[in-house]
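S.K.: Sharing run13.pdb here; it has PDB, C-alpha atoms and all ligand atoms.
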```
ATOM      1  CA  MET A   9       0.000   0.000   0.000
ATOM      2  CA  ILE A  10       1.208   3.472  -0.880
ATOM      3  CA  ASP A  11       1.741   6.199   1.746
ATOM      4  CA  TYR A  12      -0.232   9.205   0.463
ATOM      5  CA  GLY A  13       1.401  11.646   2.859
ATOM      6  CA  LEU A  14      -1.486  12.587   5.162
ATOM      7  CA  GLU A  15       0.734  13.244   8.201
ATOM      8  CA  GLY A  16      -0.871  15.947  10.372
ATOM      9  CA  LYS A  17      -4.271  15.554   8.676
ATOM     10  CA  VAL A  18      -7.525  14.525  10.329
ATOM     11  CA  ALA A  19      -9.865  12.087   8.565
ATOM     12  CA  LEU A  20     -13.398  10.976   9.389
ATOM     13  CA  VAL A  21     -14.920   7.728   8.068
ATOM     14  CA  THR A  22     -18.579   6.745   8.425
ATOM     15  CA  GLY A  23     -19.563   3.104   8.209
ATOM     16  CA  ALA A  24     -16.093   2.271   9.544
ATOM     17  CA  SER A  25     -17.061  -0.759  11.652
ATOM     18  CA  GLY A  26     -16.436  -3.152   8.784
ATOM     19  CA  GLY A  27     -16.098  -3.663   5.046
ATOM     20  CA  ILE A  28     -14.999  -0.753   2.875
ATOM     21  CA  GLY A  29     -15.143   1.804   5.711
ATOM     22  CA  ARG A  30     -12.836  -0.206   7.954
ATOM     23  CA  ALA A  31     -10.364  -0.731   5.109
ATOM     24  CA  ALA A  32     -10.426   3.013   4.397
ATOM     25  CA  ALA A  33      -9.941   3.925   8.075
ATOM     26  CA  LEU A  34      -6.879   1.652   8.169
ATOM     27  CA  ALA A  35      -5.574   3.107   4.908
ATOM     28  CA  PHE A  36      -5.990   6.711   6.119
ATOM     29  CA  ALA A  37      -4.067   5.831   9.283
ATOM     30  CA  ARG A  38      -1.321   4.104   7.296
ATOM     31  CA  SER A  39      -0.857   7.335   5.353
ATOM     32  CA  GLY A  40      -0.411   9.229   8.633
ATOM     33  CA  ALA A  41      -3.878  10.727   9.228
ATOM     34  CA  LYS A  42      -5.570  10.702  12.623
ATOM     35  CA  VAL A  43      -8.875   8.905  12.101
ATOM     36  CA  LEU A  44     -12.327   9.373  13.613
ATOM     37  CA  VAL A  45     -13.963   5.953  13.253
ATOM     38  CA  CYS A  46     -17.768   6.324  13.042
ATOM     39  CA  ASP A  47     -20.614   3.823  12.761
ATOM     40  CA  VAL A  48     -23.645   2.488  14.626
ATOM     41  CA  LYS A  49     -21.915  -0.795  15.522
ATOM     42  CA  ASP A  50     -19.973  -0.041  18.715
ATOM     43  CA  GLU A  51     -18.058  -3.253  19.223
ATOM     44  CA  GLU A  52     -16.840  -3.542  15.633
ATOM     45  CA  GLY A  53     -16.058   0.185  15.536
ATOM     46  CA  ARG A  54     -13.851  -0.077  18.603
ATOM     47  CA  GLU A  55     -12.224  -3.073  16.919
ATOM     48  CA  THR A  56     -11.333  -0.864  13.926
ATOM     49  CA  VAL A  57      -9.731   1.615  16.350
ATOM     50  CA  SER A  58      -7.729  -1.199  17.971
ATOM     51  CA  MET A  59      -6.558  -2.408  14.564
ATOM     52  CA  ILE A  60      -5.324   1.095  13.701
ATOM     53  CA  GLU A  61      -3.578   1.463  17.059
ATOM     54  CA  ALA A  62      -1.982  -1.977  16.749
ATOM     55  CA  ALA A  63      -0.514  -0.831  13.431
ATOM     56  CA  GLY A  64       0.939   2.283  15.127
ATOM     57  CA  GLY A  65      -1.739   4.759  14.016
ATOM     58  CA  THR A  66      -4.055   7.138  15.878
ATOM     59  CA  ALA A  67      -7.840   6.775  15.981
ATOM     60  CA  ILE A  68     -10.862   7.384  18.167
ATOM     61  CA  TRP A  69     -14.321   5.875  18.146
ATOM     62  CA  GLN A  70     -17.445   7.987  17.709
ATOM     63  CA  ARG A  71     -20.865   6.390  17.495
ATOM     64  CA  CYS A  72     -22.906   8.117  14.785
ATOM     65  CA  ASP A  73     -26.159   7.159  13.122
ATOM     66  CA  VAL A  74     -26.088   9.069   9.822
ATOM     67  CA  SER A  75     -29.871   9.221   9.733
ATOM     68  CA  SER A  76     -29.667  11.687  12.637
ATOM     69  CA  SER A  77     -28.694  15.325  12.034
ATOM     70  CA  SER A  78     -27.727  15.845  15.664
ATOM     71  CA  GLU A  79     -25.456  12.782  15.744
ATOM     72  CA  ILE A  80     -23.726  13.962  12.559
ATOM     73  CA  LYS A  81     -23.181  17.401  14.098
ATOM     74  CA  ALA A  82     -21.733  15.733  17.197
ATOM     75  CA  MET A  83     -19.477  13.507  15.071
ATOM     76  CA  VAL A  84     -17.920  16.408  13.182
ATOM     77  CA  GLY A  85     -17.665  18.352  16.449
ATOM     78  CA  ARG A  86     -15.762  15.443  17.988
ATOM     79  CA  ALA A  87     -13.063  15.588  15.291
ATOM     80  CA  VAL A  88     -12.655  19.307  15.932
ATOM     81  CA  ASP A  89     -12.657  18.903  19.736
ATOM     82  CA  ALA A  90     -10.092  16.109  19.584
ATOM     83  CA  TRP A  91      -7.750  17.384  16.903
ATOM     84  CA  GLY A  92      -8.812  20.948  16.034
ATOM     85  CA  ARG A  93      -9.607  20.372  12.374
ATOM     86  CA  LEU A  94     -11.043  18.134   9.677
ATOM     87  CA  ASP A  95      -9.204  17.577   6.389
ATOM     88  CA  CYS A  96     -10.654  14.412   4.873
ATOM     89  CA  ALA A  97     -14.115  12.873   5.134
ATOM     90  CA  PHE A  98     -15.271   9.565   3.701
ATOM     91  CA  ASN A  99     -19.081   9.438   3.780
ATOM     92  CA  ASN A 100     -19.463   5.723   3.317
ATOM     93  CA  ALA A 101     -22.160   4.428   5.696
ATOM     94  CA  GLY A 102     -24.889   2.717   3.746
ATOM     95  CA  VAL A 103     -27.484  -0.029   3.671
ATOM     96  CA  ASN A 104     -28.542  -2.440   0.970
ATOM     97  CA  LEU A 105     -32.037  -3.840   1.475
ATOM     98  CA  LEU A 106     -31.376  -6.698  -0.954
ATOM     99  CA  GLY A 107     -34.424  -8.969  -1.255
ATOM    100  CA  ARG A 108     -36.849  -6.478   0.305
ATOM    101  CA  ASP A 109     -39.503  -4.534  -1.600
ATOM    102  CA  GLU A 110     -38.045  -1.039  -1.927
ATOM    103  CA  PHE A 111     -41.272   0.302  -3.403
ATOM    104  CA  ALA A 112     -42.714  -0.179   0.091
ATOM    105  CA  ASP A 113     -42.630   3.203   1.845
ATOM    106  CA  GLU A 114     -40.746   1.989   4.911
ATOM    107  CA  ASN A 115     -37.925   0.397   2.881
ATOM    108  CA  TRP A 116     -37.686   3.292   0.435
ATOM    109  CA  ASP A 117     -37.438   5.728   3.368
ATOM    110  CA  VAL A 118     -34.630   3.730   5.014
ATOM    111  CA  ALA A 119     -32.587   3.559   1.786
ATOM    112  CA  ILE A 120     -32.965   7.268   1.047
ATOM    113  CA  SER A 121     -32.479   8.532   4.602
ATOM    114  CA  ILE A 122     -29.257   6.588   5.235
ATOM    115  CA  ASN A 123     -27.690   6.363   1.767
ATOM    116  CA  LEU A 124     -28.586   9.812   0.433
ATOM    117  CA  THR A 125     -29.864  12.213   3.091
ATOM    118  CA  GLY A 126     -27.156  10.962   5.456
ATOM    119  CA  VAL A 127     -24.469  11.860   2.910
ATOM    120  CA  MET A 128     -25.977  15.336   2.379
ATOM    121  CA  ARG A 129     -26.037  16.008   6.128
ATOM    122  CA  CYS A 130     -22.440  14.822   6.516
ATOM    123  CA  ILE A 131     -21.254  17.029   3.642
ATOM    124  CA  ARG A 132     -23.084  20.024   5.132
ATOM    125  CA  GLU A 133     -21.380  19.742   8.520
ATOM    126  CA  GLU A 134     -17.962  18.725   7.171
ATOM    127  CA  ALA A 135     -17.789  21.575   4.655
ATOM    128  CA  GLU A 136     -18.483  24.137   7.359
ATOM    129  CA  VAL A 137     -15.415  22.987   9.317
ATOM    130  CA  MET A 138     -13.265  22.568   6.195
ATOM    131  CA  LEU A 139     -14.045  26.114   5.104
ATOM    132  CA  ARG A 140     -12.594  27.296   8.428
ATOM    133  CA  ASN A 141      -9.465  25.118   7.790
ATOM    134  CA  GLY A 142      -8.999  26.630   4.334
ATOM    135  CA  GLY A 143     -10.089  23.467   2.475
ATOM    136  CA  GLY A 144     -10.363  19.720   2.530
ATOM    137  CA  ALA A 145     -11.410  16.658   0.576
ATOM    138  CA  ILE A 146     -14.656  14.710   0.751
ATOM    139  CA  VAL A 147     -15.352  11.311  -0.811
ATOM    140  CA  ASN A 148     -18.849   9.814  -0.872
ATOM    141  CA  THR A 149     -19.664   6.170  -1.461
ATOM    142  CA  SER A 150     -22.007   5.682  -4.386
ATOM    143  CA  SER A 151     -22.011   2.423  -6.376
ATOM    144  CA  ILE A 152     -22.119   1.233  -9.962
ATOM    145  CA  ASN A 153     -25.845   1.380  -9.131
ATOM    146  CA  GLY A 154     -25.317   5.145  -8.980
ATOM    147  CA  LEU A 155     -24.506   5.156 -12.694
ATOM    148  CA  VAL A 156     -26.533   2.279 -14.130
ATOM    149  CA  GLY A 157     -29.826   0.762 -13.017
ATOM    150  CA  ASN A 158     -30.812  -2.604 -11.703
ATOM    151  CA  PRO A 159     -34.415  -3.770 -11.941
ATOM    152  CA  ASN A 160     -34.904  -4.863  -8.343
ATOM    153  CA  GLN A 161     -33.745  -2.059  -6.064
ATOM    154  CA  PRO A 162     -35.466   1.284  -6.715
ATOM    155  CA  GLY A 163     -34.443   2.741  -3.342
ATOM    156  CA  TYR A 164     -30.814   1.686  -3.560
ATOM    157  CA  VAL A 165     -30.455   2.772  -7.207
ATOM    158  CA  ALA A 166     -32.139   6.148  -6.597
ATOM    159  CA  SER A 167     -30.102   6.811  -3.451
ATOM    160  CA  LYS A 168     -26.800   5.986  -5.136
ATOM    161  CA  HIS A 169     -27.652   8.043  -8.262
ATOM    162  CA  GLY A 170     -28.497  10.838  -5.827
ATOM    163  CA  VAL A 171     -25.054  10.564  -4.235
ATOM    164  CA  VAL A 172     -23.415  11.112  -7.633
ATOM    165  CA  GLY A 173     -25.571  14.192  -8.242
ATOM    166  CA  LEU A 174     -24.887  15.560  -4.784
ATOM    167  CA  THR A 175     -21.157  14.976  -5.281
ATOM    168  CA  ARG A 176     -21.193  17.057  -8.460
ATOM    169  CA  GLN A 177     -23.257  19.805  -6.808
ATOM    170  CA  ALA A 178     -20.955  20.041  -3.792
ATOM    171  CA  ALA A 179     -17.822  19.945  -5.976
ATOM    172  CA  LEU A 180     -19.080  22.941  -7.940
ATOM    173  CA  LYS A 181     -20.215  24.834  -4.848
ATOM    174  CA  TRP A 182     -16.842  24.729  -3.111
ATOM    175  CA  ALA A 183     -14.399  24.413  -6.043
ATOM    176  CA  LYS A 184     -12.934  27.867  -5.419
ATOM    177  CA  GLU A 185     -12.774  27.408  -1.639
ATOM    178  CA  GLY A 186     -10.405  24.436  -1.791
ATOM    179  CA  ILE A 187     -12.851  21.657  -0.933
ATOM    180  CA  ARG A 188     -12.729  18.812  -3.442
ATOM    181  CA  VAL A 189     -15.695  16.435  -3.499
ATOM    182  CA  ASN A 190     -15.587  13.080  -5.289
ATOM    183  CA  ALA A 191     -17.382   9.743  -5.168
ATOM    184  CA  VAL A 192     -16.357   6.120  -5.448
ATOM    185  CA  CYS A 193     -18.641   3.763  -7.367
ATOM    186  CA  PRO A 194     -17.705   0.219  -6.336
ATOM    187  CA  GLY A 195     -18.782  -2.876  -8.198
ATOM    188  CA  VAL A 196     -19.395  -6.003  -6.135
ATOM    189  CA  ILE A 197     -16.972  -6.009  -3.218
ATOM    190  CA  GLU A 198     -16.519  -8.806  -0.690
ATOM    191  CA  THR A 199     -17.791  -7.273   2.580
ATOM    192  CA  PRO A 200     -20.390  -8.145   5.240
ATOM    193  CA  MET A 201     -22.971  -6.471   2.960
ATOM    194  CA  THR A 202     -22.404  -9.024   0.197
ATOM    195  CA  ALA A 203     -21.953 -12.026   2.514
ATOM    196  CA  PRO A 204     -25.241 -13.611   1.357
ATOM    197  CA  ILE A 205     -23.944 -13.533  -2.244
ATOM    198  CA  VAL A 206     -20.434 -14.682  -1.342
ATOM    199  CA  SER A 207     -21.723 -17.652   0.633
ATOM    200  CA  ASP A 208     -24.071 -18.842  -2.106
ATOM    201  CA  PRO A 209     -22.012 -20.684  -4.764
ATOM    202  CA  GLN A 210     -24.584 -20.015  -7.512
ATOM    203  CA  LEU A 211     -24.864 -16.295  -6.808
ATOM    204  CA  ARG A 212     -21.115 -16.045  -6.417
ATOM    205  CA  SER A 213     -20.394 -17.549  -9.801
ATOM    206  CA  LEU A 214     -23.123 -15.374 -11.362
ATOM    207  CA  VAL A 215     -21.387 -12.230 -10.048
ATOM    208  CA  ASP A 216     -17.984 -13.549 -11.125
ATOM    209  CA  SER A 217     -19.320 -14.160 -14.626
ATOM    210  CA  MET A 218     -20.795 -10.633 -14.813
ATOM    211  CA  THR A 219     -17.457  -9.066 -13.866
ATOM    212  CA  PRO A 220     -14.879  -9.013 -16.685
ATOM    213  CA  MET A 221     -12.060  -9.540 -14.170
ATOM    214  CA  GLY A 222     -13.932 -12.642 -13.003
ATOM    215  CA  ARG A 223     -13.882 -11.924  -9.276
ATOM    216  CA  PHE A 224     -15.259  -9.798  -6.435
ATOM    217  CA  GLY A 225     -13.356  -6.665  -5.463
ATOM    218  CA  LYS A 226     -11.619  -6.322  -2.107
ATOM    219  CA  PRO A 227     -12.398  -3.508   0.360
ATOM    220  CA  GLU A 228      -8.734  -2.461   0.192
ATOM    221  CA  GLU A 229      -9.107  -1.806  -3.543
ATOM    222  CA  ILE A 230     -11.738   0.842  -2.767
ATOM    223  CA  ALA A 231      -9.824   2.199   0.235
ATOM    224  CA  GLU A 232      -6.763   2.844  -1.896
ATOM    225  CA  ALA A 233      -8.771   5.043  -4.279
ATOM    226  CA  VAL A 234     -10.446   6.910  -1.416
ATOM    227  CA  VAL A 235      -7.167   7.875   0.223
ATOM    228  CA  TRP A 236      -5.689   8.840  -3.153
ATOM    229  CA  LEU A 237      -8.727  11.068  -3.845
ATOM    230  CA  CYS A 238      -8.203  12.757  -0.458
ATOM    231  CA  SER A 239      -4.481  13.308  -1.025
ATOM    232  CA  ASP A 240      -2.626  16.091  -2.824
ATOM    233  CA  ALA A 241      -1.915  13.565  -5.607
ATOM    234  CA  ALA A 242      -5.528  14.208  -6.683
ATOM    235  CA  SER A 243      -5.307  18.007  -6.332
ATOM    236  CA  PHE A 244      -7.140  18.726  -9.647
ATOM    237  CA  VAL A 245      -9.791  16.003  -9.280
ATOM    238  CA  THR A 246     -13.251  17.097  -8.168
ATOM    239  CA  GLY A 247     -16.837  16.140  -8.987
ATOM    240  CA  HIS A 248     -15.675  12.743 -10.227
ATOM    241  CA  PRO A 249     -17.604   9.472  -9.712
ATOM    242  CA  MET A 250     -14.728   6.963  -9.804
ATOM    243  CA  VAL A 251     -15.768   3.512 -10.984
ATOM    244  CA  ILE A 252     -13.892   0.628  -9.307
ATOM    245  CA  ASP A 253     -15.626  -2.495 -10.535
ATOM    246  CA  GLY A 254     -13.283  -4.879 -12.357
ATOM    247  CA  GLY A 255     -14.827  -3.716 -15.638
ATOM    248  CA  ALA A 256     -18.447  -4.587 -14.735
ATOM    249  CA  ILE A 257     -20.026  -1.534 -16.395
ATOM    250  CA  ALA A 258     -17.416  -1.084 -19.130
ATOM    251  CA  PHE A 259     -19.590  -2.710 -21.782
TER     252      PHE A 259
HETATM  253  N1  LIG B 301     -20.036  -4.267  -0.952
HETATM  254  C1  LIG B 301     -20.419  -3.890  -2.163
HETATM  255  O1  LIG B 301     -20.466  -4.697  -3.097
HETATM  256  C2  LIG B 301     -20.763  -2.450  -2.425
HETATM  257  C3  LIG B 301     -20.912  -2.049  -3.762
HETATM  258  C4  LIG B 301     -21.227  -0.726  -4.033
HETATM  259  C5  LIG B 301     -21.393   0.162  -3.018
HETATM  260  N2  LIG B 301     -21.260  -0.244  -1.717
HETATM  261  C6  LIG B 301     -21.445   0.755  -0.679
HETATM  262  O2  LIG B 301     -20.289   0.781   0.117
HETATM  263  C7  LIG B 301     -20.621   1.278   1.423
HETATM  264  C8  LIG B 301     -20.007   0.376   2.459
HETATM  265  O3  LIG B 301     -20.601  -0.890   2.354
HETATM  266  P1  LIG B 301     -19.857  -2.261   2.680
HETATM  267  O4  LIG B 301     -19.934  -3.083   1.478
HETATM  268  O5  LIG B 301     -18.549  -1.988   3.318
HETATM  269  O6  LIG B 301     -20.896  -2.903   3.690
HETATM  270  P2  LIG B 301     -20.887  -3.081   5.274
HETATM  271  O7  LIG B 301     -22.256  -3.506   5.596
HETATM  272  O8  LIG B 301     -19.737  -3.878   5.684
HETATM  273  O9  LIG B 301     -20.618  -1.591   5.780
HETATM  274  C9  LIG B 301     -21.623  -0.626   5.928
HETATM  275  C10 LIG B 301     -21.426   0.008   7.282
HETATM  276  O10 LIG B 301     -22.345   1.093   7.393
HETATM  277  C11 LIG B 301     -22.870   1.063   8.706
HETATM  278  N3  LIG B 301     -24.159   1.714   8.771
HETATM  279  C12 LIG B 301     -25.347   1.269   8.303
HETATM  280  N4  LIG B 301     -26.310   2.146   8.611
HETATM  281  C13 LIG B 301     -25.710   3.170   9.272
HETATM  282  C14 LIG B 301     -26.186   4.373   9.837
HETATM  283  N5  LIG B 301     -27.483   4.706   9.811
HETATM  284  N6  LIG B 301     -25.286   5.191  10.429
HETATM  285  C15 LIG B 301     -23.972   4.862  10.488
HETATM  286  N7  LIG B 301     -23.475   3.730   9.990
HETATM  287  C16 LIG B 301     -24.344   2.897   9.384
HETATM  288  C17 LIG B 301     -22.971  -0.418   9.060
HETATM  289  O11 LIG B 301     -23.040  -0.617  10.458
HETATM  290  C18 LIG B 301     -21.711  -0.968   8.427
HETATM  291  O12 LIG B 301     -20.625  -1.008   9.334
HETATM  292  C19 LIG B 301     -22.133   1.368   1.448
HETATM  293  O13 LIG B 301     -22.520   2.707   1.217
HETATM  294  C20 LIG B 301     -22.557   0.491   0.291
HETATM  295  O14 LIG B 301     -23.805   0.855  -0.221
HETATM  296  C21 LIG B 301     -20.949  -1.543  -1.404
END
```
Could you write out this file's structure as structure tokens?
M.R.:
Amino acid sequence: MIDYGLEGKVALVTGASGGIGRAAALAFARSGAKVLVCDVKDEEGRETVSMIEAAGGTAIWQRCDVSSSSEIKAMVGRAVDAWGRLDCAFNNAGVNLLGRDEFADENWDVAISINLTGVMRCIREEAEVMLRNGGGAIVNTSSINGLVGNPNQPGYVASKHGVVGLTRQAALKWAKEGIRVNAVCPGVIETPMTAPIVSDPQLRSLVDSMTPMGRFGKPEEIAEAVVWLCSDAASFVTGHPMVIDGGAIAF
């Protein structure tokens, strides 16, 4: 893994108790950033902190449900209280209601409030602090379902398309103030979210066959892109939905 030179920077990661968020929290720490690890799963979140500390990095745990404005405000406030600033934010917490009817109001509302409204509220609070710092970098987790449709998940598809739109809006709004805003659009990645697919041999081989590289992605392969997008190496990149999918939507 490359060191992206984030020494002295402060990074916040939502959905950091496992999967892509945990991998990103570890990658931020490896590049020298202090990391605020945020999620609704306390035990696993504290485990992410321990993993960072065991590797010689610095992290603290902050419980945050991204469907709550006040908890998001408290989360961003915690980074500032602890370390005086916020430089990088990875708005990654999300849910996938695979197998449930997302045209049902209650499921639609969950998908939109966590996956889309949660990202908007995070951006709103993070940008306020970053403007005081003189800039920063935000990355939001969309999906290939933010760029192409799938027939079964209206809530997920709409929320992830919304994240791409919001990313472009925020990038334009703060382009001159030094805040870059990008998104990652993962294909199918092996995480707790996709465990039901991974553990079913038929579904697994279906996904493999739909991915030109013939395999699932790894959380670290998304984390690498996130930290790069937050680093000075990406200083002219903003408003970009970066596809990381082994070629799945290339045809
Ligand atoms: N795994 C994939 O194939 C894949 C593909 C495309 C996009 N994504 C997106 O990547 C992101 C991370 O997913 P993952 O695959 O690592 O799955 P995951 O289930 O391992 O991680 C999601 C994390 O978000 C947390 N979370 C859920 N609701 C929350 C809330 N209200 N507030 C705070 N945290 C909450 C969960 O506790 C969990 O730790 C999600 O936004 C997901 O939609 C995943």
S.K.: For the atom pair atom C2 of ligand LIG 301 (chain B) and atom CA of Ile257 of chain A, what is the interatomic distance in Å to one decimal place?
M.R.: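 So the two atoms, atom C2 of ligand LIG 301 (chain B) and atom CA of Ile257 of chain A, lie 14.0 Å apart.
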S.K.: Once the PyMOL selection byres (((not hetatm)) within 9 of (chain B and resi 301)) has been evaluated on this model, what residues remain selected, and can you format them as a PyMOL selection string?
M.R.: chain A and resi 22-31+46-50+52-53+71-76+99-104+118+121-123+126+148-154+164+168+192-203+224-227+253
S.K.: Output the selection as an mmCIF file, keeping the file's coordinate frame - C-alpha atoms for each residue.
M.R.:
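After the write, again12.cif holds the following:
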```
data_model
loop_
_atom_site.group_PDB
_atom_site.id
_atom_site.type_symbol
_atom_site.label_atom_id
_atom_site.label_comp_id
_atom_site.auth_asym_id
_atom_site.auth_seq_id
_atom_site.Cartn_x
_atom_site.Cartn_y
_atom_site.Cartn_z
ATOM 1 C CA THR A 22 -18.579 6.745 8.425
ATOM 2 C CA GLY A 23 -19.563 3.104 8.209
ATOM 3 C CA ALA A 24 -16.093 2.271 9.544
ATOM 4 C CA SER A 25 -17.061 -0.759 11.652
ATOM 5 C CA GLY A 26 -16.436 -3.152 8.784
ATOM 6 C CA GLY A 27 -16.098 -3.663 5.046
ATOM 7 C CA ILE A 28 -14.999 -0.753 2.875
ATOM 8 C CA GLY A 29 -15.143 1.804 5.711
ATOM 9 C CA ARG A 30 -12.836 -0.206 7.954
ATOM 10 C CA ALA A 31 -10.364 -0.731 5.109
ATOM 11 C CA CYS A 46 -17.768 6.324 13.042
ATOM 12 C CA ASP A 47 -20.614 3.823 12.761
ATOM 13 C CA VAL A 48 -23.645 2.488 14.626
ATOM 14 C CA LYS A 49 -21.915 -0.795 15.522
ATOM 15 C CA ASP A 50 -19.973 -0.041 18.715
ATOM 16 C CA GLU A 52 -16.840 -3.542 15.633
ATOM 17 C CA GLY A 53 -16.058 0.185 15.536
ATOM 18 C CA ARG A 71 -20.865 6.390 17.495
ATOM 19 C CA CYS A 72 -22.906 8.117 14.785
ATOM 20 C CA ASP A 73 -26.159 7.159 13.122
ATOM 21 C CA VAL A 74 -26.088 9.069 9.822
ATOM 22 C CA SER A 75 -29.871 9.221 9.733
ATOM 23 C CA SER A 76 -29.667 11.687 12.637
ATOM 24 C CA ASN A 99 -19.081 9.438 3.780
ATOM 25 C CA ASN A 100 -19.463 5.723 3.317
ATOM 26 C CA ALA A 101 -22.160 4.428 5.696
ATOM 27 C CA GLY A 102 -24.889 2.717 3.746
ATOM 28 C CA VAL A 103 -27.484 -0.029 3.671
ATOM 29 C CA ASN A 104 -28.542 -2.440 0.970
ATOM 30 C CA VAL A 118 -34.630 3.730 5.014
ATOM 31 C CA SER A 121 -32.479 8.532 4.602
ATOM 32 C CA ILE A 122 -29.257 6.588 5.235
ATOM 33 C CA ASN A 123 -27.690 6.363 1.767
ATOM 34 C CA GLY A 126 -27.156 10.962 5.456
ATOM 35 C CA ASN A 148 -18.849 9.814 -0.872
ATOM 36 C CA THR A 149 -19.664 6.170 -1.461
ATOM 37 C CA SER A 150 -22.007 5.682 -4.386
ATOM 38 C CA SER A 151 -22.011 2.423 -6.376
ATOM 39 C CA ILE A 152 -22.119 1.233 -9.962
ATOM 40 C CA ASN A 153 -25.845 1.380 -9.131
ATOM 41 C CA GLY A 154 -25.317 5.145 -8.980
ATOM 42 C CA TYR A 164 -30.814 1.686 -3.560
ATOM 43 C CA LYS A 168 -26.800 5.986 -5.136
ATOM 44 C CA VAL A 192 -16.357 6.120 -5.448
ATOM 45 C CA CYS A 193 -18.641 3.763 -7.367
ATOM 46 C CA PRO A 194 -17.705 0.219 -6.336
ATOM 47 C CA GLY A 195 -18.782 -2.876 -8.198
ATOM 48 C CA VAL A 196 -19.395 -6.003 -6.135
ATOM 49 C CA ILE A 197 -16.972 -6.009 -3.218
ATOM 50 C CA GLU A 198 -16.519 -8.806 -0.690
ATOM 51 C CA THR A 199 -17.791 -7.273 2.580
ATOM 52 C CA PRO A 200 -20.390 -8.145 5.240
ATOM 53 C CA MET A 201 -22.971 -6.471 2.960
ATOM 54 C CA THR A 202 -22.404 -9.024 0.197
ATOM 55 C CA ALA A 203 -21.953 -12.026 2.514
ATOM 56 C CA PHE A 224 -15.259 -9.798 -6.435
ATOM 57 C CA GLY A 225 -13.356 -6.665 -5.463
ATOM 58 C CA LYS A 226 -11.619 -6.322 -2.107
ATOM 59 C CA PRO A 227 -12.398 -3.508 0.360
ATOM 60 C CA ASP A 253 -15.626 -2.495 -10.535
#
```
S.K.: Of the candidates A:Ile205, A:Glu232, A:Ile187, A:Leu106, which shows the shortest atom-to-atom distance to Arg38 of chain A, using only C-alpha atoms?
M.R.: A:Glu232
S.K.: Excluding same-chain residues fewer than 3 positions from Arg129 of chain A, what lies within 8 Å of it counting only C-alpha atoms, as a list in words?
M.R.: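 The filter keeps Val74, Ser77, Ile80, Thr125, Gly126, Arg132 and Glu133 of chain A.
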S.K.: Using all atoms listed in the file, pick whichever of A:Glu185, A:Glu229, A:Glu15, A:Glu51 has the shortest atom-to-atom distance to Gly144 of chain A.
M.R.: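 Closest candidate: A:Glu185.
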S.K.: Please measure the separation of atom CA of Arg93 of chain A and atom CA of Ile146 of chain A, giving the value in Å to one decimal.
M.R.: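 Between atom CA of Arg93 of chain A and atom CA of Ile146 of chain A the gap works out to 13.9 Å.
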S.K.: For each of A:Ala256, A:Met250, A:Ile131, A:Val245, take the minimum atom-to-atom distance to Asp216 of chain A, counting only C-alpha atoms, then give the residue where this is smallest.
M.R.: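 Going through A:Ala256, A:Met250, A:Ile131, A:Val245 one by one, the smallest distance to Asp216 of chain A is for A:Ala256.
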S.K.: Please evaluate the PyMOL selection byres (((chain A and resi 175) around 7) and not hetatm) against the structure above and give the resulting residues as a short mmCIF file (atom, residue, chain, number, x, y, z; two decimals) with C-alpha atoms, keeping the file's coordinate frame.
M.R.:
```
data_model
loop_
_atom_site.label_atom_id
_atom_site.label_comp_id
_atom_site.auth_asym_id
_atom_site.auth_seq_id
_atom_site.Cartn_x
_atom_site.Cartn_y
_atom_site.Cartn_z
CA VAL A 171 -25.05 10.56 -4.24
CA VAL A 172 -23.42 11.11 -7.63
CA GLY A 173 -25.57 14.19 -8.24
CA LEU A 174 -24.89 15.56 -4.78
CA ARG A 176 -21.19 17.06 -8.46
CA GLN A 177 -23.26 19.80 -6.81
CA ALA A 178 -20.96 20.04 -3.79
CA ALA A 179 -17.82 19.94 -5.98
CA VAL A 189 -15.70 16.43 -3.50
CA ASN A 190 -15.59 13.08 -5.29
CA ALA A 191 -17.38 9.74 -5.17
CA GLY A 247 -16.84 16.14 -8.99
#
```
